[in-house]
$ cat upload-v9.cif   # mmCIF, C-alpha atoms
data_upload
loop_
_atom_site.label_atom_id
_atom_site.label_comp_id
_atom_site.auth_asym_id
_atom_site.auth_seq_id
_atom_site.Cartn_x
_atom_site.Cartn_y
_atom_site.Cartn_z
CA MET J 1 11.38 66.91 -41.45
CA ALA J 2 10.52 67.66 -45.09
CA ILE J 3 11.48 64.09 -46.05
CA ILE J 4 9.19 62.64 -43.38
CA LYS J 5 6.26 64.84 -44.42
CA ASN J 6 6.70 64.05 -48.11
CA TYR J 7 6.97 60.32 -47.44
CA ALA J 8 3.89 60.31 -45.20
CA LYS J 9 1.94 62.34 -47.75
CA ASN J 10 2.81 60.01 -50.62
CA ALA J 11 2.21 56.88 -48.53
CA ALA J 12 -1.23 58.11 -47.46
CA ARG J 13 -2.19 58.58 -51.11
CA HIS J 14 -1.46 54.92 -51.86
CA ARG J 15 -3.09 53.26 -48.86
CA PRO J 16 -6.40 51.58 -49.71
CA ALA J 17 -9.37 53.77 -48.86
CA PRO J 18 -11.40 52.46 -45.91
CA ARG J 19 -14.68 50.79 -46.79
CA ARG J 20 -17.56 51.54 -44.46
CA SER J 21 -20.54 50.09 -46.31
CA ALA J 22 -20.83 46.65 -44.71
CA PRO J 23 -20.87 45.66 -41.01
CA LEU J 24 -17.91 43.34 -41.59
CA GLY J 25 -15.93 46.21 -43.11
CA ARG J 26 -16.68 48.39 -40.10
CA ALA J 27 -15.60 45.62 -37.76
CA PHE J 28 -12.28 45.35 -39.60
CA GLN J 29 -11.84 49.11 -39.23
CA VAL J 30 -12.23 48.79 -35.46
CA LEU J 31 -9.83 45.85 -35.34
CA SER J 32 -7.27 47.76 -37.43
CA VAL J 33 -7.34 50.65 -34.96
CA LEU J 34 -6.88 48.28 -32.02
CA ILE J 35 -4.00 46.48 -33.72
CA GLU J 36 -2.15 49.80 -34.10
CA ALA J 37 -3.02 51.07 -30.60
CA ILE J 38 -0.17 51.39 -28.09
CA ARG J 39 -2.52 51.76 -25.10
CA PRO J 40 -6.14 50.90 -24.25
CA MET J 41 -8.56 53.20 -26.08
CA SER J 42 -12.00 54.54 -25.24
CA THR J 43 -15.03 53.96 -27.43
CA ILE J 44 -15.03 57.63 -28.43
CA GLU J 45 -11.35 57.51 -29.45
CA ILE J 46 -11.91 54.42 -31.57
CA ALA J 47 -15.01 55.93 -33.16
CA GLN J 48 -13.09 59.08 -34.08
CA ARG J 49 -10.28 57.06 -35.65
CA CYS J 50 -12.77 55.00 -37.67
CA GLU J 51 -15.00 58.01 -38.49
CA LEU J 52 -18.01 56.04 -37.27
CA ASP J 53 -20.83 56.72 -34.82
CA THR J 54 -20.00 56.00 -31.20
CA SER J 55 -23.07 53.77 -30.83
CA THR J 56 -22.00 51.71 -33.87
CA VAL J 57 -18.48 51.26 -32.51
CA HIS J 58 -19.86 50.34 -29.06
CA ARG J 59 -21.92 47.52 -30.57
CA MET J 60 -18.93 46.35 -32.61
CA LEU J 61 -16.71 46.28 -29.52
CA GLN J 62 -19.27 44.31 -27.54
CA SER J 63 -19.48 41.69 -30.30
CA LEU J 64 -15.72 41.52 -30.77
CA ALA J 65 -15.17 41.16 -27.02
CA PHE J 66 -17.70 38.34 -26.90
CA GLU J 67 -15.88 36.57 -29.77
CA GLY J 68 -12.54 36.94 -27.96
CA TYR J 69 -10.80 39.50 -30.20
CA VAL J 70 -11.00 42.49 -27.85
CA LEU J 71 -10.19 42.98 -24.16
CA ARG J 72 -12.11 45.47 -22.02
CA GLU J 73 -10.48 47.23 -19.07
CA GLU J 74 -13.42 47.40 -16.68
CA SER J 75 -12.12 50.18 -14.40
CA THR J 76 -11.62 52.66 -17.27
CA LYS J 77 -14.00 51.13 -19.84
CA ARG J 78 -11.22 51.14 -22.40
CA TYR J 79 -10.45 48.51 -25.01
CA PHE J 80 -7.34 46.78 -26.26
CA GLY J 81 -6.64 44.00 -28.73
CA HIS J 82 -6.72 40.43 -27.43
CA PRO J 83 -3.46 38.46 -27.87
CA ARG J 84 -5.18 36.28 -30.50
CA LEU J 85 -5.69 39.51 -32.50
CA LEU J 86 -2.28 41.08 -31.89
CA LEU J 87 -0.21 37.88 -32.23
CA PRO J 88 -2.33 35.59 -34.42
CA LEU J 89 0.44 33.52 -36.01
CA PRO J 90 1.84 30.42 -34.27
CA VAL J 91 5.37 30.75 -32.90
CA TYR J 92 6.69 28.36 -35.55
CA HIS J 93 4.80 29.84 -38.48
CA PRO J 94 7.26 30.35 -41.39
CA TRP J 95 6.86 34.14 -41.14
CA ASN J 96 7.80 34.18 -37.46
CA VAL J 97 10.68 31.74 -38.00
CA SER J 98 12.02 33.86 -40.87
CA ARG J 99 11.82 36.97 -38.70
CA ARG J 100 13.78 35.36 -35.87
CA ASP J 101 16.34 33.75 -38.15
CA ALA J 102 17.04 36.96 -40.07
CA GLY J 103 17.14 39.29 -37.04
CA PRO J 104 20.85 38.97 -36.17
CA ALA J 105 21.89 39.42 -39.81
CA LEU J 106 19.76 42.56 -40.13
CA ILE J 107 21.23 44.07 -36.97
CA ALA J 108 24.76 43.28 -38.11
CA LEU J 109 24.10 44.86 -41.51
CA ARG J 110 22.52 47.92 -39.87
CA ASP J 111 25.53 48.32 -37.61
CA GLN J 112 27.90 47.92 -40.55
CA LEU J 113 26.14 50.44 -42.81
CA GLY J 114 24.42 52.70 -40.30
CA PHE J 115 21.16 52.72 -42.26
CA THR J 116 17.76 51.26 -41.46
CA THR J 117 17.70 47.68 -42.74
CA GLY J 118 14.69 45.44 -43.20
CA LEU J 119 13.37 42.10 -44.42
CA ILE J 120 10.32 42.07 -46.70
CA VAL J 121 8.46 39.03 -48.00
CA PHE J 122 6.11 38.95 -50.97
CA CYS J 123 2.69 37.39 -50.55
CA LEU J 124 0.20 37.28 -53.43
CA GLY J 125 1.13 40.72 -54.70
CA GLN J 126 1.59 42.25 -51.23
CA ARG J 127 4.83 43.36 -49.61
CA ILE J 128 5.02 42.45 -45.92
CA LEU J 129 7.68 43.99 -43.68
CA LEU J 130 8.68 41.14 -41.38
CA GLU J 131 11.61 42.68 -39.51
CA LEU J 132 13.28 46.05 -39.21
CA ALA J 133 16.56 47.21 -37.67
CA VAL J 134 16.21 50.99 -37.37
CA GLY J 135 19.24 53.07 -38.28
CA ARG J 136 19.95 56.79 -38.35
CA ASP J 137 17.57 57.81 -41.14
CA PRO J 138 14.37 59.64 -40.17
CA LEU J 139 11.80 57.28 -41.69
CA GLY J 140 12.39 54.11 -39.68
CA PRO J 141 9.40 54.65 -37.35
CA ASP J 142 7.11 55.36 -40.32
CA TYR J 143 7.41 51.96 -41.98
CA GLN J 144 4.15 50.01 -42.00
CA THR J 145 3.71 46.23 -41.95
CA CYS J 146 1.99 46.24 -45.35
CA LEU J 147 3.90 48.49 -47.71
CA SER J 148 1.86 50.67 -50.04
CA SER J 149 4.62 52.56 -51.86
CA PRO J 150 4.29 52.36 -55.68
CA LEU J 151 6.00 49.42 -57.35
CA HIS J 152 7.79 51.52 -59.97
CA ALA J 153 9.21 54.02 -57.47
CA SER J 154 10.28 51.93 -54.46
CA GLY J 155 13.07 49.49 -53.71
CA SER J 156 10.85 46.60 -52.63
CA GLY J 157 8.47 47.27 -55.49
CA LYS J 158 11.23 47.09 -58.07
CA VAL J 159 12.50 43.80 -56.63
CA MET J 160 8.96 42.43 -56.84
CA LEU J 161 8.74 43.54 -60.47
CA MET J 162 12.05 41.78 -61.19
CA GLY J 163 10.44 38.47 -60.25
CA MET J 164 7.43 38.92 -62.53
CA SER J 165 6.91 37.90 -66.12
CA VAL J 166 6.48 40.73 -68.64
CA ALA J 167 2.73 40.19 -68.75
CA ALA J 168 2.39 40.16 -64.96
CA ARG J 169 4.51 43.29 -64.72
CA GLN J 170 2.26 45.11 -67.16
CA ARG J 171 -0.83 44.09 -65.23
CA ALA J 172 0.69 45.18 -61.94
CA LEU J 173 1.79 48.59 -63.23
CA GLY J 174 -1.23 49.42 -65.37
CA ALA J 175 -1.26 51.86 -68.27
CA GLU J 176 1.56 54.23 -69.06
CA PRO J 177 2.57 56.82 -68.11
CA TYR J 178 3.00 55.71 -64.51
CA GLU J 179 2.48 58.24 -61.75
CA ARG J 180 5.33 60.72 -61.37
CA PHE J 181 6.43 61.70 -57.87
CA THR J 182 9.74 63.42 -58.61
CA PRO J 183 11.77 64.18 -61.73
CA LYS J 184 13.60 60.88 -61.07
CA THR J 185 10.50 58.67 -61.33
CA ALA J 186 10.47 56.27 -64.29
CA THR J 187 7.03 56.75 -65.86
CA VAL J 188 7.31 54.55 -68.97
CA ALA J 189 7.91 50.82 -69.32
CA GLU J 190 10.97 51.17 -71.56
CA LEU J 191 12.94 53.12 -68.95
CA LEU J 192 11.77 50.94 -66.08
CA ASP J 193 12.54 47.69 -67.94
CA ARG J 194 16.04 48.97 -68.71
CA GLU J 195 16.57 49.89 -65.06
CA LEU J 196 15.40 46.46 -63.88
CA ALA J 197 17.66 44.69 -66.39
CA GLU J 198 20.65 46.62 -65.03
CA ALA J 199 19.58 45.80 -61.48
CA GLU J 200 19.39 42.10 -62.32
CA LYS J 201 23.00 42.18 -63.55
CA ARG J 202 24.43 43.94 -60.49
CA GLY J 203 22.23 42.05 -58.01
CA TYR J 204 20.37 44.94 -56.37
CA VAL J 205 17.91 47.69 -57.23
CA LEU J 206 18.09 51.40 -56.51
CA ALA J 207 15.25 53.74 -55.67
CA CYS J 208 17.09 57.05 -55.60
CA ASP J 209 14.92 60.10 -54.95
CA ASP J 210 12.20 58.75 -57.26
CA TYR J 211 9.46 58.51 -54.61
CA VAL J 212 10.53 61.20 -52.13
CA PRO J 213 13.28 63.74 -52.85
CA GLY J 214 16.23 63.24 -50.54
CA PHE J 215 15.40 59.61 -49.66
CA ARG J 216 16.98 56.49 -51.14
CA VAL J 217 16.58 52.72 -50.89
CA VAL J 218 18.91 49.89 -51.91
CA ALA J 219 17.27 46.45 -52.09
CA ALA J 220 18.38 42.96 -53.14
CA PRO J 221 16.20 39.92 -53.83
CA LEU J 222 15.82 37.04 -51.42
CA ARG J 223 15.41 33.77 -53.30
CA ALA J 224 14.21 30.27 -52.60
CA GLY J 225 15.72 28.50 -55.56
CA PRO J 226 14.78 30.50 -58.67
CA THR J 227 11.80 32.17 -56.97
CA ILE J 228 12.10 35.68 -55.53
CA VAL J 229 10.26 35.49 -52.20
CA GLY J 230 11.17 38.90 -50.83
CA CYS J 231 14.00 41.35 -50.43
CA LEU J 232 16.56 42.78 -48.06
CA PHE J 233 16.87 46.58 -48.04
CA SER J 234 18.63 49.55 -46.52
CA SER J 235 17.23 53.07 -46.62
CA GLY J 236 18.42 56.54 -45.72
CA ARG J 237 18.91 60.14 -46.69
CA SER J 238 20.55 60.96 -50.00
CA THR J 239 23.31 62.72 -48.10
CA GLY J 240 24.29 59.41 -46.50
CA LEU J 241 23.40 57.12 -49.40
CA SER J 242 25.35 59.30 -51.80
CA ASP J 243 26.20 58.30 -55.36
CA ASP J 244 29.71 57.37 -54.20
CA ALA J 245 28.38 55.20 -51.36
CA LEU J 246 25.75 53.33 -53.37
CA PRO J 247 28.07 50.65 -54.88
CA GLN J 248 29.51 49.71 -51.49
CA VAL J 249 26.09 49.63 -49.81
CA GLY J 250 24.59 47.74 -52.76
CA SER J 251 27.36 45.14 -52.63
CA ALA J 252 26.84 44.62 -48.89
CA ILE J 253 23.07 44.27 -49.30
CA ARG J 254 23.49 41.83 -52.21
CA GLN J 255 25.98 39.67 -50.32
CA SER J 256 23.74 39.54 -47.24
CA ALA J 257 20.70 38.68 -49.36
CA GLU J 258 22.60 35.93 -51.14
CA PHE J 259 23.79 34.54 -47.81
CA LEU J 260 20.30 34.58 -46.27
CA SER J 261 18.84 32.99 -49.39
CA VAL J 262 21.11 30.00 -48.82
CA ALA J 263 21.39 29.98 -45.03
CA LEU J 264 17.74 30.37 -44.02
CA PRO J 265 15.68 27.18 -44.48
CA SER J 266 12.67 29.23 -43.41
CA LEU J 267 12.78 31.07 -46.74
CA ARG J 268 12.24 27.78 -48.53
CA ASN J 269 9.36 27.08 -46.17
CA LEU J 270 7.94 30.49 -47.07
CA ALA J 271 8.15 29.63 -50.76
CA ASP J 272 6.32 26.37 -50.09
CA LEU J 273 3.69 28.23 -48.07
CA LEU J 274 3.05 30.83 -50.76
CA GLY J 275 3.62 28.57 -53.74
CA ASP J 276 5.17 29.71 -56.98
CA THR J 277 2.65 32.41 -57.89
CA SER J 278 4.63 34.05 -60.67
CA PRO J 279 2.40 34.03 -63.83
#

$ encode --input "upload-v9.cif" --output "structure tokens"
Amino acid sequence: MAIIKNYAKNAARHRPAPRRSAPLGRAFQVLSVLIEAIRPMSTIEIAQRCELDTSTVHRMLQSLAFEGYVLREESTKRYFGHPRLLLPLPVYHPWNVSRRDAGPALIALRDQLGFTTGLIVFCLGQRILLELAVGRDPLGPDYQTCLSSPLHASGSGKVMLMGMSVAARQRALGAEPYERFTPKTATVAELLDRELAEAEKRGYVLACDDYVPGFRVVAAPLRAGPTIVGCLFSSGRSTGLSDDALPQVGSAIRQSAEFLSVALPSLRNLADLLGDTSP
């Protein structure tokens, strides 16, 4: 439980703060709550989640329902996201195709290793979790679609940094020292650059207890040609992803990432969609 609480606490610190100044921003708040809802919600519940006045949320919901983004359950006067809000991408959008294509490989890797395994794509500086095969570690249900963990202290973040030029990496990380979360966190560029160079040689990165004590991630880059378009990862407790187990897990993740990089045409389509954005 301590791992879950520490992870949630750190993740909350790095999520963008909600903006309530403009009507459009408030509308996006309402939509965000409805996207995450697992059941129809009342106006009061939505207002409490958004920290907005009930009357303001009621007007927003009426407008969003009129525009076709919200459904209203007349008998209970509760609201739920319209399918065009919850499933906005076409079935054959490259993101959806990549998710479907990679699903069997992720499940097989999860079953082989026993750890939560996922597919992440990079989009204009953002890390998007496309697919997840939940294993035995306690954090699987806490993964969000848009990852907010710090670049210098997370598996997906380190893979993203590997694909950047030195200048882009400096801009992304900001001024030294970087934020420290545990004694394992690399807080200066020299140490982080050395770690990334070693990761490039072995084909996978390690995030071992440097964001949350007791939690580790192994991640390998997914490539479309020379471009890193995302990563494959496995995560779990330090007791399972022990120092002795890391090489075997890392090798399996690297091999699967290399296979998917060649075998999934959808990754090349993703690269075409996003373009080569590396500065």

$ resolve_selection --input "upload-v9.cif" --expression "the PyMOL selection byres ((chain J and resi 232-242) around 7)" --output "JSON, numbers by chain"
{"J": [115, 116, 117, 118, 119, 120, 137, 214, 215, 216, 217, 218, 219, 220, 221, 222, 231, 243, 244, 245, 246, 253, 257]}

$ closest_residue --input "upload-v9.cif" --among "J:Val57, J:Gln29, J:Lys184, J:Ile228" --to "Pro213 of chain J" --atoms "only C-alpha atoms"
J:Lys184

$ resolve_selection --input "upload-v9.cif" --expression "the PyMOL selection byres ((chain J and resi 179) around 12)" --output "ChimeraX atom specification"
/J:10,13-14,149-153,173-178,180-189,210-211

$ residues_around --input "upload-v9.cif" --residues "segment 45-54 of chain J" --least-positions-apart "2" --cutoff "10 Å" --atoms "all atoms listed in the file" --output "number ranges by chain"
J: 18, 20, 26-34, 37, 40-43, 56-61, 78-79

$ atom_distance --input "upload-v9.cif" --atom1 "atom CA of Leu106 of chain J" --atom2 "atom CA of Leu85 of chain J"
26.7 Å

$ atom_distance --input "upload-v9.cif" --atom1 "atom CA of Ala167 of chain J" --atom2 "atom CA of Val262 of chain J"
29.0 Å

$ resolve_selection --input "upload-v9.cif" --expression "the PyMOL selection byres ((chain J and resi 71) around 9)" --output "list in words"
Pro40, Leu64, Ala65, Gly68, Tyr69, Val70, Arg72, Glu73, Arg78, Tyr79, Phe80, Gly81, His82 and Pro83 of chain J

$ atom_distance --input "upload-v9.cif" --atom1 "atom CA of Pro265 of chain J" --atom2 "atom CA of Gly230 of chain J"
14.1 Å

$ closest_residue --input "upload-v9.cif" --among "J:Ala271, J:Leu124, J:Leu132, J:Leu89" --to "Gly103 of chain J" --atoms "all atoms listed in the file"
J:Leu132

$ closest_residue --input "upload-v9.cif" --among "J:Val159, J:Asn96, J:Pro226, J:Pro23" --to "Leu206 of chain J" --atoms "only C-alpha atoms"
J:Val159

$ closest_residue --input "upload-v9.cif" --among "J:Arg84, J:Lys158, J:Arg127, J:Arg169" --to "Glu195 of chain J" --atoms "all atoms listed in the file"
J:Lys158

$ closest_residue --input "upload-v9.cif" --among "J:Met164, J:Ala133, J:Lys77, J:Gln255" --to "Pro104 of chain J" --atoms "only C-alpha atoms"
J:Ala133

$ axis_aligned_box --input "upload-v9.cif" --around "segment 231-245 of chain J" --padding-each-side "5 Å" --output "JSON"
{"center_x": 21.9, "center_y": 52.0, "center_z": -50.5, "size_x": 25.7, "size_y": 31.4, "size_z": 19.6}

$ closest_residue --input "upload-v9.cif" --among "J:Ala168, J:Leu109, J:Leu196, J:Leu264" --to "Gly225 of chain J" --atoms "only C-alpha atoms"
J:Leu264

$ build_atoms --input "upload-v9.cif" --residues "segment 36-47 of chain J" --atoms "all heavy atoms" --output "PDB file, in the coordinates of the input"
ATOM      1  N   GLU J  36      -3.162  48.748 -34.082  1.00  0.00           N
ATOM      2  CA  GLU J  36      -2.150  49.800 -34.100  1.00  0.00           C
ATOM      3  C   GLU J  36      -2.043  50.538 -32.768  1.00  0.00           C
ATOM      4  O   GLU J  36      -1.102  51.312 -32.561  1.00  0.00           O
ATOM      5  CB  GLU J  36      -2.462  50.796 -35.216  1.00  0.00           C
ATOM      6  CG  GLU J  36      -2.381  50.194 -36.616  1.00  0.00           C
ATOM      7  CD  GLU J  36      -2.770  51.183 -37.693  1.00  0.00           C
ATOM      8  OE1 GLU J  36      -3.143  52.329 -37.341  1.00  0.00           O
ATOM      9  OE2 GLU J  36      -2.710  50.822 -38.885  1.00  0.00           O
ATOM     10  N   ALA J  37      -2.993  50.323 -31.869  1.00  0.00           N
ATOM     11  CA  ALA J  37      -3.020  51.070 -30.600  1.00  0.00           C
ATOM     12  C   ALA J  37      -1.835  50.672 -29.708  1.00  0.00           C
ATOM     13  O   ALA J  37      -1.464  49.503 -29.638  1.00  0.00           O
ATOM     14  CB  ALA J  37      -4.330  50.799 -29.863  1.00  0.00           C
ATOM     15  N   ILE J  38      -1.275  51.644 -29.022  1.00  0.00           N
ATOM     16  CA  ILE J  38      -0.170  51.390 -28.090  1.00  0.00           C
ATOM     17  C   ILE J  38      -0.633  51.486 -26.642  1.00  0.00           C
ATOM     18  O   ILE J  38       0.173  51.342 -25.721  1.00  0.00           O
ATOM     19  CB  ILE J  38       0.994  52.364 -28.340  1.00  0.00           C
ATOM     20  CG1 ILE J  38       0.530  53.815 -28.177  1.00  0.00           C
ATOM     21  CG2 ILE J  38       1.594  52.133 -29.723  1.00  0.00           C
ATOM     22  CD1 ILE J  38       1.656  54.829 -28.278  1.00  0.00           C
ATOM     23  N   ARG J  39      -1.928  51.707 -26.446  1.00  0.00           N
ATOM     24  CA  ARG J  39      -2.520  51.760 -25.100  1.00  0.00           C
ATOM     25  C   ARG J  39      -4.009  51.477 -25.267  1.00  0.00           C
ATOM     26  O   ARG J  39      -4.565  51.601 -26.363  1.00  0.00           O
ATOM     27  CB  ARG J  39      -2.320  53.142 -24.475  1.00  0.00           C
ATOM     28  CG  ARG J  39      -2.904  54.269 -25.319  1.00  0.00           C
ATOM     29  CD  ARG J  39      -2.872  55.609 -24.608  1.00  0.00           C
ATOM     30  NE  ARG J  39      -3.378  56.671 -25.454  1.00  0.00           N
ATOM     31  CZ  ARG J  39      -4.663  56.909 -25.691  1.00  0.00           C
ATOM     32  NH1 ARG J  39      -5.587  56.132 -25.138  1.00  0.00           N
ATOM     33  NH2 ARG J  39      -5.046  57.901 -26.472  1.00  0.00           N
ATOM     34  N   PRO J  40      -4.686  51.087 -24.173  1.00  0.00           N
ATOM     35  CA  PRO J  40      -6.140  50.900 -24.250  1.00  0.00           C
ATOM     36  C   PRO J  40      -6.832  52.184 -24.688  1.00  0.00           C
ATOM     37  O   PRO J  40      -6.440  53.287 -24.290  1.00  0.00           O
ATOM     38  CB  PRO J  40      -6.522  50.512 -22.809  1.00  0.00           C
ATOM     39  CG  PRO J  40      -5.275  49.913 -22.252  1.00  0.00           C
ATOM     40  CD  PRO J  40      -4.147  50.687 -22.857  1.00  0.00           C
ATOM     41  N   MET J  41      -7.878  52.047 -25.507  1.00  0.00           N
ATOM     42  CA  MET J  41      -8.560  53.200 -26.080  1.00  0.00           C
ATOM     43  C   MET J  41     -10.031  53.210 -25.681  1.00  0.00           C
ATOM     44  O   MET J  41     -10.660  52.163 -25.520  1.00  0.00           O
ATOM     45  CB  MET J  41      -8.451  53.181 -27.608  1.00  0.00           C
ATOM     46  CG  MET J  41      -7.035  53.240 -28.138  1.00  0.00           C
ATOM     47  SD  MET J  41      -6.971  53.203 -29.941  1.00  0.00           S
ATOM     48  CE  MET J  41      -7.719  54.801 -30.329  1.00  0.00           C
ATOM     49  N   SER J  42     -10.588  54.409 -25.555  1.00  0.00           N
ATOM     50  CA  SER J  42     -12.000  54.540 -25.240  1.00  0.00           C
ATOM     51  C   SER J  42     -12.839  54.338 -26.494  1.00  0.00           C
ATOM     52  O   SER J  42     -12.331  54.415 -27.629  1.00  0.00           O
ATOM     53  CB  SER J  42     -12.283  55.917 -24.640  1.00  0.00           C
ATOM     54  OG  SER J  42     -12.124  56.924 -25.640  1.00  0.00           O
ATOM     55  N   THR J  43     -14.121  54.111 -26.292  1.00  0.00           N
ATOM     56  CA  THR J  43     -15.030  53.960 -27.430  1.00  0.00           C
ATOM     57  C   THR J  43     -15.023  55.206 -28.302  1.00  0.00           C
ATOM     58  O   THR J  43     -15.027  55.114 -29.533  1.00  0.00           O
ATOM     59  CB  THR J  43     -16.463  53.680 -26.926  1.00  0.00           C
ATOM     60  OG1 THR J  43     -16.453  52.529 -26.086  1.00  0.00           O
ATOM     61  CG2 THR J  43     -17.403  53.444 -28.090  1.00  0.00           C
ATOM     62  N   ILE J  44     -15.016  56.371 -27.675  1.00  0.00           N
ATOM     63  CA  ILE J  44     -15.030  57.630 -28.430  1.00  0.00           C
ATOM     64  C   ILE J  44     -13.763  57.765 -29.277  1.00  0.00           C
ATOM     65  O   ILE J  44     -13.824  58.167 -30.450  1.00  0.00           O
ATOM     66  CB  ILE J  44     -15.174  58.832 -27.473  1.00  0.00           C
ATOM     67  CG1 ILE J  44     -16.553  58.802 -26.800  1.00  0.00           C
ATOM     68  CG2 ILE J  44     -14.974  60.144 -28.228  1.00  0.00           C
ATOM     69  CD1 ILE J  44     -16.749  59.890 -25.767  1.00  0.00           C
ATOM     70  N   GLU J  45     -12.610  57.420 -28.700  1.00  0.00           N
ATOM     71  CA  GLU J  45     -11.350  57.510 -29.450  1.00  0.00           C
ATOM     72  C   GLU J  45     -11.373  56.587 -30.663  1.00  0.00           C
ATOM     73  O   GLU J  45     -10.954  56.974 -31.761  1.00  0.00           O
ATOM     74  CB  GLU J  45     -10.171  57.151 -28.550  1.00  0.00           C
ATOM     75  CG  GLU J  45      -9.859  58.185 -27.491  1.00  0.00           C
ATOM     76  CD  GLU J  45      -8.772  57.723 -26.544  1.00  0.00           C
ATOM     77  OE1 GLU J  45      -8.750  56.532 -26.181  1.00  0.00           O
ATOM     78  OE2 GLU J  45      -7.919  58.556 -26.168  1.00  0.00           O
ATOM     79  N   ILE J  46     -11.856  55.378 -30.465  1.00  0.00           N
ATOM     80  CA  ILE J  46     -11.910  54.420 -31.570  1.00  0.00           C
ATOM     81  C   ILE J  46     -12.880  54.904 -32.639  1.00  0.00           C
ATOM     82  O   ILE J  46     -12.597  54.824 -33.849  1.00  0.00           O
ATOM     83  CB  ILE J  46     -12.323  53.026 -31.047  1.00  0.00           C
ATOM     84  CG1 ILE J  46     -11.269  52.508 -30.071  1.00  0.00           C
ATOM     85  CG2 ILE J  46     -12.509  52.044 -32.201  1.00  0.00           C
ATOM     86  CD1 ILE J  46     -11.690  51.258 -29.316  1.00  0.00           C
ATOM     87  N   ALA J  47     -14.024  55.430 -32.209  1.00  0.00           N
ATOM     88  CA  ALA J  47     -15.010  55.930 -33.160  1.00  0.00           C
ATOM     89  C   ALA J  47     -14.445  57.080 -33.990  1.00  0.00           C
ATOM     90  O   ALA J  47     -14.681  57.168 -35.203  1.00  0.00           O
ATOM     91  CB  ALA J  47     -16.265  56.386 -32.419  1.00  0.00           C
TER      92      ALA J  47
END
